[in-house]
Amino acid sequence: MKKLLLLAAVTLACFTGCYKEKEALKAYVALTDNTWKIQSHTRGIADSGADCRVANELVFNKDSTGFYFYPTKCDTTDVDTLRFTWQVSADNKNLYYNYINGDTMFSTVMGLSYYDRSNVRLIGDAHFKRFLDGNFTAKPKK
């Protein structure tokens with residue numbers, strides 16, 4: 001009887017681990033499947049082409065690098081492409097950005113409040129002077 005209970009416990013642990021791994025991959029697959037175009041900013045800024053603080057596009061590469069593209073600069077020292085490395089949390093609720101703009105000490109956490117293969121909603125504290133969050137839709141593929 002003890003062996004049967006042990007076998008049941010090990011089997012349950014294996015299936016639970018596989019399920020968690022598959023769940024963690026859901027956001028990763030959805031994010032890397034598209035280039036994302038901003039629809040609206042969570043702080044009420046909507047026109048990314050006119051506002052230098054809002055990125056126009058967001059890309060998550062499969063190698064865990066990514067970038068925001070800003071079509072307009074606020075200052076001559078601003079970059080038009082803000083690069084970072086990223087990782088999604090196991091529960092698919094947060095994105096961890098590191099090495100933002102090449103700075104090894106600069107990182108932030110963005111809430112991943114919604115995602116599917118055509119929409120992403122990021123919420124977070126903007127630790128960068130140009131906002132990083134908003135509602136994004138998949139850019140049509142050519």
# chains A, B, ... in the order shown; residues from 1 in each chain; ligands from 1

$ residues_around --residues "Ala30 in chain A" --least-positions-apart "5" --cutoff "8 Å" --atoms "only C-alpha atoms" --output "compact mmCIF listing (two decimals) with N, CA, C and O atoms, in the first residue's frame"
# COMPACT_ATOMS: atom_id res chain seq x y z
N TYR A 115 -2.87 38.87 -22.21
CA TYR A 115 -2.14 38.54 -23.42
C TYR A 115 -2.88 37.44 -24.16
O TYR A 115 -3.56 36.60 -23.59
N ASP A 116 -2.80 37.51 -25.46
CA ASP A 116 -3.16 36.41 -26.35
C ASP A 116 -2.33 36.64 -27.61
O ASP A 116 -1.41 37.45 -27.61
N ARG A 117 -2.64 35.96 -28.68
CA ARG A 117 -1.80 36.10 -29.87
C ARG A 117 -2.04 37.39 -30.65
O ARG A 117 -1.33 37.69 -31.59

$ residues_around --residues "Glu57 in chain A" --least-positions-apart "3" --cutoff "12 Å" --atoms "only C-alpha atoms" --output "PyMOL selection string"
chain A and resi 34-40+48-49+54+60+66-72+80-83+132-139

$ atom_distance --atom1 "CA of Lys26 in chain A" --atom2 "CA of Asp63 in chain A"
15.8 Å

$ residues_around --residues "Cys74 in chain A" --least-positions-apart "3" --cutoff "8 Å" --atoms "only C-alpha atoms" --output "MDAnalysis selection string"
chainID A and resid 52:53 78

$ atom_distance --atom1 "CA of Lys73 in chain A" --atom2 "CA of Asp51 in chain A"
8.6 Å

$ atom_distance --atom1 "CA of Asp103 in chain A" --atom2 "CA of Lys62 in chain A"
20.9 Å

$ select_by_dssp --residues "range 56-98 of chain A" --states "strand (DSSP E)" --output "number ranges by chain"
A: 57-60, 65-69, 81-88, 94-98

$ write_last_selection --atoms "C-alpha atoms" --output "PDB file, in the first residue's frame"
ATOM      1  CA  GLU A  57       6.482  49.246 -31.433  1.00  0.00           C
ATOM      2  CA  LEU A  58       7.481  46.514 -29.029  1.00  0.00           C
ATOM      3  CA  VAL A  59       9.340  43.326 -29.970  1.00  0.00           C
ATOM      4  CA  PHE A  60      10.035  40.240 -27.849  1.00  0.00           C
ATOM      5  CA  THR A  65      16.056  40.039 -25.994  1.00  0.00           C
ATOM      6  CA  GLY A  66      13.660  42.738 -27.060  1.00  0.00           C
ATOM      7  CA  PHE A  67      13.220  46.399 -27.771  1.00  0.00           C
ATOM      8  CA  TYR A  68      10.851  49.346 -27.835  1.00  0.00           C
ATOM      9  CA  PHE A  69      11.001  51.597 -30.893  1.00  0.00           C
ATOM     10  CA  THR A  81      15.507  51.858 -29.877  1.00  0.00           C
ATOM     11  CA  LEU A  82      15.415  50.935 -26.197  1.00  0.00           C
ATOM     12  CA  ARG A  83      16.875  47.432 -25.878  1.00  0.00           C
ATOM     13  CA  PHE A  84      16.425  45.008 -22.974  1.00  0.00           C
ATOM     14  CA  THR A  85      16.461  41.357 -21.995  1.00  0.00           C
ATOM     15  CA  TRP A  86      13.249  39.849 -20.730  1.00  0.00           C
ATOM     16  CA  GLN A  87      11.800  36.894 -18.902  1.00  0.00           C
ATOM     17  CA  VAL A  88       8.200  35.949 -18.163  1.00  0.00           C
ATOM     18  CA  ASN A  94       4.901  39.541 -14.823  1.00  0.00           C
ATOM     19  CA  LEU A  95       7.614  40.426 -17.272  1.00  0.00           C
ATOM     20  CA  TYR A  96      11.085  41.042 -15.895  1.00  0.00           C
ATOM     21  CA  TYR A  97      13.159  43.499 -17.950  1.00  0.00           C
ATOM     22  CA  ASN A  98      16.915  43.600 -17.377  1.00  0.00           C
TER      23      ASN A  98
END
